[in-house]
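*Asks:* First, the structure itself, so that you have it in front of you.
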There are 8 protein chains.
Amino acid sequence: MDRLKELLNSIREGKTDVEDGIAQLRDLPFADVGHTKFDTHRLLRNGFPEVIYAERKTPEQVADIFINLKEKCSVLATRVSPDTAEYVKNIFPEAEYNTLGRTLSYVKGAIEYKEGEVRIITAGTSDLPIAEEALVTCRMFGCRAEIISDVGVAGIHRLFDKLSEIRKAKVIIVIAGMEGALAGVVGGLVSQPVIAVPTSVGYGAAFGGVSALLGMLTSCAGGITVVNIDNGFGAACAAMRIINSGDSF
Amino acid sequence: MDRLKELLNSIREGKTDVEDGIAQLRDLPFADVGHTKFDTHRLLRNGFPEVIYAERKTPEQVADIFINLKEKCSVLATRVSPDTAEYVKNIFPEAEYNTLGRTLSYVKGAIEYKEGEVRIITAGTSDLPIAEEALVTCRMFGCRAEIISDVGVAGIHRLFDKLSEIRKAKVIIVIAGMEGALAGVVGGLVSQPVIAVPTSVGYGAAFGGVSALLGMLTSCAGGITVVNIDNGFGAACAAMRIINSGDSF
Amino acid sequence: MDRLKELLNSIREGKTDVEDGIAQLRDLPFADVGHTKFDTHRLLRNGFPEVIYAERKTPEQVADIFINLKEKCSVLATRVSPDTAEYVKNIFPEAEYNTLGRTLSYVKGAIEYKEGEVRIITAGTSDLPIAEEALVTCRMFGCRAEIISDVGVAGIHRLFDKLSEIRKAKVIIVIAGMEGALAGVVGGLVSQPVIAVPTSVGYGAAFGGVSALLGMLTSCAGGITVVNIDNGFGAACAAMRIINSGDSF
Amino acid sequence: MDRLKELLNSIREGKTDVEDGIAQLRDLPFADVGHTKFDTHRLLRNGFPEVIYAERKTPEQVADIFINLKEKCSVLATRVSPDTAEYVKNIFPEAEYNTLGRTLSYVKGAIEYKEGEVRIITAGTSDLPIAEEALVTCRMFGCRAEIISDVGVAGIHRLFDKLSEIRKAKVIIVIAGMEGALAGVVGGLVSQPVIAVPTSVGYGAAFGGVSALLGMLTSCAGGITVVNIDNGFGAACAAMRIINSGDSF
Amino acid sequence: MDRLKELLNSIREGKTDVEDGIAQLRDLPFADVGHTKFDTHRLLRNGFPEVIYAERKTPEQVADIFINLKEKCSVLATRVSPDTAEYVKNIFPEAEYNTLGRTLSYVKGAIEYKEGEVRIITAGTSDLPIAEEALVTCRMFGCRAEIISDVGVAGIHRLFDKLSEIRKAKVIIVIAGMEGALAGVVGGLVSQPVIAVPTSVGYGAAFGGVSALLGMLTSCAGGITVVNIDNGFGAACAAMRIINSGDSF
Amino acid sequence: MDRLKELLNSIREGKTDVEDGIAQLRDLPFADVGHTKFDTHRLLRNGFPEVIYAERKTPEQVADIFINLKEKCSVLATRVSPDTAEYVKNIFPEAEYNTLGRTLSYVKGAIEYKEGEVRIITAGTSDLPIAEEALVTCRMFGCRAEIISDVGVAGIHRLFDKLSEIRKAKVIIVIAGMEGALAGVVGGLVSQPVIAVPTSVGYGAAFGGVSALLGMLTSCAGGITVVNIDNGFGAACAAMRIINSGDSF
Amino acid sequence: MDRLKELLNSIREGKTDVEDGIAQLRDLPFADVGHTKFDTHRLLRNGFPEVIYAERKTPEQVADIFINLKEKCSVLATRVSPDTAEYVKNIFPEAEYNTLGRTLSYVKGAIEYKEGEVRIITAGTSDLPIAEEALVTCRMFGCRAEIISDVGVAGIHRLFDKLSEIRKAKVIIVIAGMEGALAGVVGGLVSQPVIAVPTSVGYGAAFGGVSALLGMLTSCAGGITVVNIDNGFGAACAAMRIINSGDSF
Amino acid sequence: MDRLKELLNSIREGKTDVEDGIAQLRDLPFADVGHTKFDTHRLLRNGFPEVIYAERKTPEQVADIFINLKEKCSVLATRVSPDTAEYVKNIFPEAEYNTLGRTLSYVKGAIEYKEGEVRIITAGTSDLPIAEEALVTCRMFGCRAEIISDVGVAGIHRLFDKLSEIRKAKVIIVIAGMEGALAGVVGGLVSQPVIAVPTSVGYGAAFGGVSALLGMLTSCAGGITVVNIDNGFGAACAAMRIINSGDSF
């Protein structure tokens with residue numbers, strides 16, 4: 001905004017002529033021309049971690065980012081292989097590796113938690129890696145979160161035992177592979193926002209998560225929403241959007 | 001068997017020479033040569049109805065079959081359109097039309113019911129046509145059956161209210177569209193054989209029953225089996241195979 | 001709860017013995033045994049409309065439901081054909097038909113709107129039927145909502161013109177067919193919860209909404225969630241869950 | 001049941017008041033409150049093996065489970081890699097590894113076999129791993145079972161040679177890859193329950209078992225049911241449900 | 001060839017100069033320039049019918065073709081609707097309509113049949129329309145052909161009863177919907193060329209012929225070949241190629 | 001046949017009584033009972049090689065088969081890995097390995113070639129492995145065959161240069177990946193039987209051969225037939241069926 | 001641009017102060033603020049027709065647009081049903097309907113044709129509707145275009161006869177259904193830009209254009225590009241982009 | 001052409017008789033008979049590099065080609081593994097390896113650049129390998145090209161910052177994975193030809209590039225064309241066709 005104001009002042013004062021003004025307007029970083037706020041990354045930068053998708057990055061690249069950012073902000077890397085994690089930790093021991101969730105994180109200062117908790121529910125223990133990715137992401141974003149695991153529909157009493165605990169959450173993330181039925185059952189039992197994460201757990205007709213994805217999309221329980229297969233990080237982002245809603249910019 | 005015996009006797013007695021014997025053996029109806037029993041249709045014919053898949057048949061063709069068979073056996077036609085049903089009933093008023101299940105049936109004599117009941121459970125009321133097809137088929141095959149409808153997982157207490165009734169069955173048929181989750185939940189609650197029928201109920205990512213089919217195939221509840229989409233008739237046949245097992249030929 | 005209390009009192013007072021008590025516990029409607037709240041339908045019933053999926057219902061059935069419920073609660077029917085709507089309105093003129101969204105609704109008393117608005121954004125005018133379904137559903141659930149239409153990414157300045165208005169919402173529903181790219185673009189521009197609805201608009205490789213669905217699921221903008229193809233009603237339910245979150249039961 | 005009885009007695013005897021009783025009822029493991037039997041796992045535990053899906057478990061985890069359970073019950077682990085098997089057997093030599101079927105099993109005491117045998121038929125020798133998984137599972141569940149292998153439809157006389165043996169079974173499991181045609185042919189030749197298992201054997205348009213799966217689902221032989229691709233374990237569970245039916249709870 | 005010869009002679013005789021010769025060579029119908037034979041349509045024209053795919057043609061267009069060609073050659077139209085057939089027959093009564101196969105044909109002179117017969121086998125009566133299309137096409141091409149219908153694998157003795165008749169053919173066309181298993185079974189029983197035609201008969205997971213197509217492609221019986229779904233015409237063409245092979249140009 | 005004759009003679013001579021005769025008839029290898037010829041494997045055994053699909057066999061297993069059969073017949077193994085080939089050749093140096101086609105073969109005596117040649121045409125050099133598999137198979141079956149490679153449609157003059165050579169064949173096998181267009185172009189240029197083999201050559205939307213498969217199935221050139229993806233062996237079997245047709249049993 | 005200039009002048013002259021200037025900048029139509037040119041619709045508006053996708057519009061809506069725009073610019077409507085066309089022509093007889101291509105167009109003034117022609121090639125006559133849509137669109141955009149039809153690869157000499165004519169084009173659009181092979185063959189024969197349009201012509205494994213689409217995407221001829229199935233309009237737009245390139249803004 | 005002329009002259013002069021002339025015409029390389037120009041490879045050979053698809057070639061094969069061609073022309077190999085690259089460079093150090101794009105290239109003499117630049121835009125840094133392949137290919141073909149990376153739609157201001165630079169191009173290549181939305185957004189902002197390349201970047205419902213492919217095909221921005229998944233080389237070829245158009249043969 002400052003640069004725009006400065007420019008218009010300069011035009012007004014005759015220091016910049018109109019043609020020049022038009023040219024400079026065109027050169028201003030887009031955001032400065034009055035569309036300032038559309039960078040959600042900004043949101044993350046204010047006290048939020050920088051996020052790295054480490055899948056196709058070398059250990060050196062990941063380490064560099066941690067070293068470079070550690071003074072400025074917290075850092076969260078997802079899909080970090082054990083080898084990369086070990087490499088980074090050798091150089092930057094403050095980084096913390098979540099073996100199951102394959103996240104590498106560094107918290108600068110203390111996390112300031114917001115109001116409202118997230119419950120992350122898994123159908124089976126095989127869904128835990130995705131749950132852990134969601135868990136770490138939630139926490140790095142300042143959302144309190146807990147995992148309730150192994151409450152799949154094949155033994156549905158396990159779910160009922162946890163219902164009152166689940167109902168305390170502001171947002172519920174349901175993580176399930178195979179037929180993905182847990183999302184619909186939970187959706188029918190609670191009134192909170194339910195974010196469903198299909199996982200690639202299962203074989204044969206599970207088709208790498210497609211069956212769970214379709215099951216969640218077509219659930220007859222109203223108002224369930226779905227993210228990509230194995231996308232624990234995305235579910236946590238969606239939960240954060242809800243937790244933050246009300247004080248959004 | 002008789003023809004075979006006769007032939008061998010004729011060889012023995014020198015009335016038929018060996019080369020001729022070989023030729024005649026080749027001409028005998030296959031089943032007679034010692035592989036007599038592999039015609040399961042035979043099973044159905046002894047007191048069971050003749051079954052007609054009416055989808056691509058004209059009203060006249062369907063009526064003909066009823067008229068021709070009425071003296072010999074019961075008749076069951078599936079996928080019968082209302083127009084065809086009306087046409088047949090005008091000619092053969094003893095035929096009974098199930099409007100929802102689109103079956104047309106004629107029972108010759110009284111049905112002799114076997115031991116063991118079938119419970120047909122539907123997730124929603126939209127699954128009822130398939131359930132009715134299964135119901136009529138079961139009964140025509142001599143299996144007592146009842147429908148318990150609209151107990152889908154989005155309001156799971158409705159299922160629990162019916163559990164003790166469901167558990168009285170020898171075989172359970174679960175019929176569900178959309179995500180098809182009901183099959184897995186029921187499978188986790190009972191020890192009986194569970195035959196799951198995905199239905200084409202639903203829109204969008206339901207993909208005409210594919211989502212339900214995949215959900216049922218990948219259910220984490222052990223030992224659920226699945227038939228084709230909307231195949232209420234097939235589920236009833238499978239149930240009949242189980243009801244009959246023990247006294248199979 | 002009352003029946004349970006009564007039963008335990010009766011046990012305590014010796015009127016019911018323990019074995020009988022166990023048997024009666026088993027017979028109690030499930031919800032009464034201490035799992036009372038898992039019926040989200042209840043949520044809807046308290047001041048919320050009864051919801052009917054009219055797709056496979058006859059005009060008579062839909063009319064009956066309106067007539068029967070009009071004294072008790074508001075009623076919302078979705079996927080109502082013009083013929084059915086006309087039939088119902090002849091009998092029950094208070095019902096209001098949304099021609100585009102194909103909803104039929106009756107509001108008993110006045111809607112009490114909650115805090116927080118929903119903005120429903122469409123990529124093209126062909127997406128409006130789904131948007132209208134979402135709009136009516138939101139309002140029937142007590143969520144203020146407005147549609148901003150025809151701001152698809154092929155002429156992205158149209159979206160930017162509406163950005164400040166969009167950012168006033170607590171929840172944003174993005175409705176788009178074809179490549180479904182609008183959801184990701186909006187997700188990158190706002191921090192609110194974004195619920196994406198793929199529509200079946202488009203031909204050829206649009207595959208009846210599958211392309212839009214996949215595009216939305218794989219969007220690189222973090223934290224977008226998705227519902228079934230053409231499921232405006234589901235998106236509104238999900239929005240309502242978020243609007244209500246905080247005062248959930 | 002005991003805890004419930006105890007609680008009600010305690011209420012009766014005035015040791016626990018009604019409000020407390022309600023609270024405690026809520027805390028009881030769900031199954032105890034009158035829905036005792038819907039845990040099919042329980043079924044397995046009474047003399048049945050505990051079952052472990054070893055796919056994503058470490059050798060240490062699998063070994064731990066065997067060591068911990070060996071005093072209590074039989075144990076069956078499926079999808080066990082040779083490395084894991086070797087690791088476990090080093091620690092717990094009583095465990096038996098089926099190299100083809102990749103099962104690891106430990107039988108506590110002697111298996112009590114039930115009435116009724118299972119015949120497991122394979123189309124080719126490449127289907128044997130799935131057949132062995134089914135075989136071991138059947139036996140661990142107390143069902144006598146035998147494999148009849150390599151009787152695929154391309155040389156159909158091989159099947160006929162085995163027909164009388166096949167017809168002795170109470171349940172028939174048919175395992176086939178590629179076009180999966182064996183299931184339909186067998187289904188047309190016998191009256192028993194037929195459980196079809198598509199396998200991922202084949203290349204190209206076999207699509208990892210999808211062709212066999214579709215072939216089995218659409219078989220024109222009535223009453224065939226299908227389980228997931230390569231799911232020998234599931235087929236055995238389904239067989240066990242049938243073998244047990246009649247004396248189900 | 002004549003035009004080419006004529007041209008070269010004309011060059012030789014000096015009546016045409018070289019530059020003109022090059023230009024004329026370029027203008028000659030391509031086939032005449034020395035690549036004469038690659039037009040298989042020619043094959044058909046020598047005593048063979050002209051073939052019309054009538055699917056998207058108006059009755060007038062189809063009638064015109066018959067009228068125009070009747071002096072020159074036989075004519076075969078496939079995928080002819082009853083309305084079109086009626087229209088054409090009113091104008092050109094010599095055309096013969098096959099109601100089931102939806103072919104319209106006119107034979108100029110007598111068909112000269114070649115050595116070697118084609119047997120067209122169907123799994124069910126619903127496959128007859130495709131079989132009739134193949135039958136008429138074969139005959140119009142001068143191949144004797146007969147249909148053997150309703151010998152699907154669910155009652156496999158029906159097939160065996162016809163085996164010796166089937167084995168008399170030089171080429172066998174197998175037509176089957178649903179799981180398409182008949183092709184593999186026949187392929188295992190005969191040594192002749194087997195051309196498999198998947199049909200769109202079936203519902204649900206038959207997916208409009210895809211299951212049959214996949215089943216036929218992955219058949220374990222060696223040397224079966226497949227044509228497009230419902231392509232009776234194509235199968236007949238392939239049969240004709242084989243019948244003709246040996247005296248191919 | 002001999003055993004059958006012997007049996008009937010024994011009956012005739014009174015050495016075997018009729019009841020025994022029936023029992024023994026049942027025990028005879030099926031084919032002998034008058035359905036003698038339906039084993040195409042027999043066809044292969046008379047001077048033809050035994051065929052082994054080596055994909056899932058150990059080197060030891062493959063070697064054993066070669067050692068055991070070498071006295072009786074020729075042997076052809078397909079899908080043989082280099083390691084297996086080396087292992088077998090160490091033990092049985094007479095086996096010949098085709099590195100590209102991954103076949104291992106042993107010819108007992110000399111191959112007796114039949115009338116009629118096979119031309120195997122490939123679109124690109126990447127399709128050569130499948131072509132070599134087809135080539136070796138053809139020759140082992142007594143069909144002369146040659147490969148014409150790299151004549152894909154992107155440089156169509158290469159194909160025309162080879163046309164006269166191609167037209168000399170009795171059967172043409174066309175092998176192509178990616179869009180598979182070569183089959184249709186060749187089919188339009190020749191009148192012989194054309195067997196199309198889609199290959200998994202290509203990336204992205206080639207989908208492992210699916211695009212080529214679909215292209216070949218939908219080719220507008222009449223009478224092309226298709227086998228499974230990468231199935232050079234199957235194409236050779238189909239060619240052999242055609243080469244043999246006329247003298248089929 | 002004028003409004004922007006005016007505004008800056010007004011700021012310069014002190015008529016508008018800086019804060020107001022910023023506010024007004026924000027209110028300006030987005031394109032005016034320095035991003036003027038990213039509206040390709042503008043491109044069309046300068047002498048180009050307004051384009052309407054009529055698929056889901058009522059006859060009245062389409063007529064209104066023609067009436068309202070006729071004074072301002074040319075108008076092109078695509079996917080216009082015959083009924084809509086008739087309705088519009090009754091009101092606005094100057095509109096011209098292309099029956100095959102289903103376009104309705106009105107040219108205001110004369111079309112100014114650009115340098116460079118487009119050749120639109122179809123494989124079969126069934127592809128003509130798409131070709132006509134492309135043709136009309138090209139011409140309305142000021143690109144000369146001609147159709148060359150029915151030169152599919154099954155009779156490839158027909159294509160060669162037209163090659164020199166095809167090579168005169170600046171851009172070539174190839175339209176083909178079924179296997180879509182024509183695009184690759186043409187791509188190998190010319191050096192111009194080739195835009196391929198798969199069509200939904202064909203049945204069975206043509207899958208409504210998917211086979212043609214995949215064939216075109218995987219073509220081995222380098223540098224072919226593809227648009228959506230049946231998208232003649234899009235191909236014409238792409239051609240126009242190329243024709244215009246060089247004098248792009 | 002010369003050979004043809006020579007032949008006709010020889011006929012004219014009586015040196016070759018007519019029958020011989022016909023035979024020789026048949027033997028002439030096809031292109032010489034008046035269809036001279038249809039070899040686009042020729043285009044590449046005149047000053048253009050020879051192109052090698054190295055995917056399935058051995059290091060030795062690739063090295064041979066470089067060694068053999070280095071005197072004659074430039075050489076470009078795509079999909080070269082690091083191992084192959086190292087092998088070739090040891091033998092032929094003049095070859096240049098692009099590690100990201102996996103191209104190996106050798107420029108003979110200097111590249112003569114044509115008028116008109118190509119801009120290659122990527123959505124994310126993970127798309128860079130495809131962009132580099134396109135970049136090297138463009139340059140080897142004499143098209144100036146630059147990459148603008150990481151301007152995906154989730155942070156759309158990054159794209160706007162580069163718009164004026166992008167608009168300087170004659171052809172724009174847009175490379176994006178996941179939902180592929182960047183192509184449509186760019187297509188709406190520029191009037192140049194836009195060639196979209198979907199990449200296999202992404203997981204889950206990205207389905208190896210299918211989602212991006214579908215998104216690009218169904219983009220609502222008119223006139224975008226698409227090449228195969230990950231086909232940077234093909235996009236560069238298409239760009240070259242456009243750059244060259246106008247001076248095409």
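Chains: A, B, ... in order of the structure tokens. Residues: from 1 per chain. Ligands: from 1, in order shown.
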Pick out each residue of region 94-208 of chain C that DSSP on the backbone tags as strand (DSSP E); I need them as a count of residues only.
*Replies:* 29
*Asks:* For a quick test of understanding: name the residues of chain A lying within 8 Å of chain D when counting only C-alpha atoms, and present them as a list in words.
*Replies:*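 Written out as asked, the residues are Ser126, Gly155, His157, Arg158, Phe160, Asp161, Tyr203, Gly204 and Ala205 of chain A.
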*Asks:* Keeping only all heavy atoms, write the selected residues as a PDB file, in the first residue's frame.
*Replies:*
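Dumped to selection-v4.pdb:
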```pdb
ATOM      1  N   SER A 126      -3.244 -48.976  10.794  1.00  0.00           N
ATOM      2  CA  SER A 126      -2.507 -48.694   9.562  1.00  0.00           C
ATOM      3  C   SER A 126      -2.731 -47.265   9.069  1.00  0.00           C
ATOM      4  O   SER A 126      -1.985 -46.767   8.230  1.00  0.00           O
ATOM      5  CB  SER A 126      -2.925 -49.667   8.454  1.00  0.00           C
ATOM      6  OG  SER A 126      -2.798 -50.998   8.876  1.00  0.00           O
ATOM      7  N   GLY A 155     -15.905 -53.152  14.265  1.00  0.00           N
ATOM      8  CA  GLY A 155     -16.150 -53.410  15.684  1.00  0.00           C
ATOM      9  C   GLY A 155     -16.640 -52.113  16.297  1.00  0.00           C
ATOM     10  O   GLY A 155     -15.923 -51.421  17.009  1.00  0.00           O
ATOM     11  N   HIS A 157     -18.477 -50.932  18.535  1.00  0.00           N
ATOM     12  CA  HIS A 157     -18.547 -50.544  19.947  1.00  0.00           C
ATOM     13  C   HIS A 157     -17.312 -49.749  20.353  1.00  0.00           C
ATOM     14  O   HIS A 157     -17.376 -48.912  21.233  1.00  0.00           O
ATOM     15  CB  HIS A 157     -18.695 -51.784  20.822  1.00  0.00           C
ATOM     16  CG  HIS A 157     -17.536 -52.708  20.692  1.00  0.00           C
ATOM     17  ND1 HIS A 157     -17.302 -53.433  19.551  1.00  0.00           N
ATOM     18  CD2 HIS A 157     -16.521 -52.993  21.544  1.00  0.00           C
ATOM     19  CE1 HIS A 157     -16.209 -54.149  19.708  1.00  0.00           C
ATOM     20  NE2 HIS A 157     -15.711 -53.899  20.894  1.00  0.00           N
ATOM     21  N   ARG A 158     -16.198 -50.023  19.695  1.00  0.00           N
ATOM     22  CA  ARG A 158     -14.989 -49.261  20.017  1.00  0.00           C
ATOM     23  C   ARG A 158     -15.197 -47.773  19.762  1.00  0.00           C
ATOM     24  O   ARG A 158     -14.696 -46.918  20.465  1.00  0.00           O
ATOM     25  CB  ARG A 158     -13.814 -49.767  19.186  1.00  0.00           C
ATOM     26  CG  ARG A 158     -13.467 -51.217  19.434  1.00  0.00           C
ATOM     27  CD  ARG A 158     -12.424 -51.717  18.467  1.00  0.00           C
ATOM     28  NE  ARG A 158     -12.911 -51.587  17.093  1.00  0.00           N
ATOM     29  CZ  ARG A 158     -12.217 -51.928  16.004  1.00  0.00           C
ATOM     30  NH1 ARG A 158     -10.977 -52.403  16.161  1.00  0.00           N
ATOM     31  NH2 ARG A 158     -12.709 -51.796  14.804  1.00  0.00           N
ATOM     32  N   PHE A 160     -18.175 -46.242  19.901  1.00  0.00           N
ATOM     33  CA  PHE A 160     -19.122 -45.693  20.865  1.00  0.00           C
ATOM     34  C   PHE A 160     -18.449 -45.405  22.200  1.00  0.00           C
ATOM     35  O   PHE A 160     -18.800 -44.462  22.894  1.00  0.00           O
ATOM     36  CB  PHE A 160     -20.302 -46.655  21.042  1.00  0.00           C
ATOM     37  CG  PHE A 160     -21.186 -46.684  19.824  1.00  0.00           C
ATOM     38  CD1 PHE A 160     -21.454 -47.864  19.161  1.00  0.00           C
ATOM     39  CD2 PHE A 160     -21.724 -45.508  19.324  1.00  0.00           C
ATOM     40  CE1 PHE A 160     -22.258 -47.876  18.030  1.00  0.00           C
ATOM     41  CE2 PHE A 160     -22.532 -45.513  18.184  1.00  0.00           C
ATOM     42  CZ  PHE A 160     -22.795 -46.701  17.532  1.00  0.00           C
ATOM     43  N   ASP A 161     -17.473 -46.222  22.542  1.00  0.00           N
ATOM     44  CA  ASP A 161     -16.753 -45.982  23.789  1.00  0.00           C
ATOM     45  C   ASP A 161     -16.066 -44.616  23.799  1.00  0.00           C
ATOM     46  O   ASP A 161     -15.790 -44.064  24.866  1.00  0.00           O
ATOM     47  CB  ASP A 161     -15.677 -47.070  23.990  1.00  0.00           C
ATOM     48  CG  ASP A 161     -16.292 -48.399  24.400  1.00  0.00           C
ATOM     49  OD1 ASP A 161     -17.507 -48.435  24.658  1.00  0.00           O
ATOM     50  OD2 ASP A 161     -15.555 -49.391  24.460  1.00  0.00           O
ATOM     51  N   TYR A 203      -5.912 -53.456  -0.054  1.00  0.00           N
ATOM     52  CA  TYR A 203      -5.338 -54.032  -1.274  1.00  0.00           C
ATOM     53  C   TYR A 203      -6.470 -54.356  -2.238  1.00  0.00           C
ATOM     54  O   TYR A 203      -7.641 -54.098  -1.963  1.00  0.00           O
ATOM     55  CB  TYR A 203      -4.522 -55.277  -0.953  1.00  0.00           C
ATOM     56  CG  TYR A 203      -5.311 -56.341  -0.266  1.00  0.00           C
ATOM     57  CD1 TYR A 203      -5.960 -57.334  -0.982  1.00  0.00           C
ATOM     58  CD2 TYR A 203      -5.412 -56.346   1.120  1.00  0.00           C
ATOM     59  CE1 TYR A 203      -6.703 -58.290  -0.342  1.00  0.00           C
ATOM     60  CE2 TYR A 203      -6.159 -57.310   1.770  1.00  0.00           C
ATOM     61  CZ  TYR A 203      -6.799 -58.280   1.038  1.00  0.00           C
ATOM     62  OH  TYR A 203      -7.547 -59.230   1.668  1.00  0.00           O
ATOM     63  N   GLY A 204      -6.132 -54.866  -3.377  1.00  0.00           N
ATOM     64  CA  GLY A 204      -7.150 -55.262  -4.355  1.00  0.00           C
ATOM     65  C   GLY A 204      -8.080 -54.122  -4.698  1.00  0.00           C
ATOM     66  O   GLY A 204      -7.649 -53.053  -5.121  1.00  0.00           O
ATOM     67  N   ALA A 205      -9.386 -54.359  -4.477  1.00  0.00           N
ATOM     68  CA  ALA A 205     -10.392 -53.382  -4.869  1.00  0.00           C
ATOM     69  C   ALA A 205     -10.355 -52.115  -4.016  1.00  0.00           C
ATOM     70  O   ALA A 205     -11.195 -51.235  -4.190  1.00  0.00           O
ATOM     71  CB  ALA A 205     -11.776 -54.015  -4.824  1.00  0.00           C
TER      72      ALA A 205
END
```
*Asks:* Expressed in Å to a single decimal, how great is the separation between CA of Val190 (chain B) and CA of Val201 (chain A)?
*Replies:*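 So the two atoms, CA of Val190 (chain B) and CA of Val201 (chain A), lie 24.5 Å apart.
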*Asks:* Compute the post-superposition RMSD of the C-alpha atoms of chain C relative to chain F, with atoms paired in order and the fit done by least squares.
*Replies:*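 Fitting chain C to chain F over paired C-alpha atoms yields 1.1 Å.
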*Asks:* Need the shell around Ile175 (chain G): protein/DNA/RNA residues with any atom at most 7 Å away, counting only C-alpha atoms. Skip same-chain ones fewer than 2 positions apart. Format as a list of chain:residue names?
*Replies:*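 In the requested form, the answer reads G:Ile121, G:Thr122, G:Ala123, G:Asp127, G:Ala131, G:Ile173, G:Ala196, G:Val197, G:Pro198, G:Thr199.
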*Asks:* Can you pull out the residues contacting region 136-138 of chain D? Cut-off 7 Å, using only C-alpha atoms, and skip same-chain residues under 4 positions away; I want them as a PyMOL selection string.
*Replies:* chain D and resi 132+142-145+233+236+240
*Asks:* List every residue of region 110-142 of chain D that DSSP, applied to the backbone, labels as helix (DSSP H, G or I), and write the result as a list of chain:residue names.
*Replies:*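 Helix (DSSP H, G or I) members of region 110-142 of chain D, listed: D:Thr125, D:Ser126, D:Asp127, D:Leu128, D:Pro129, D:Ile130, D:Ala131, D:Glu132, D:Glu133, D:Ala134, D:Leu135, D:Val136, D:Thr137, D:Cys138, D:Arg139, D:Met140.
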*Asks:* Between CA of Ile52 (chain C) and CA of Gly109 (chain C), what is the distance, to one decimal in Å?
*Replies:*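 Distance reported for this atom pair: 19.2 Å.
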*Asks:* For Gly232 (chain D), list every protein, DNA or RNA residue within 6 Å, evaluated using only C-alpha atoms, and leave out those in the same chain fewer than 4 positions away; present the list as a list in words.
*Replies:*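 Once the adjacent positions are removed, what remains is Ile130, Glu133 and Ala134 of chain D.
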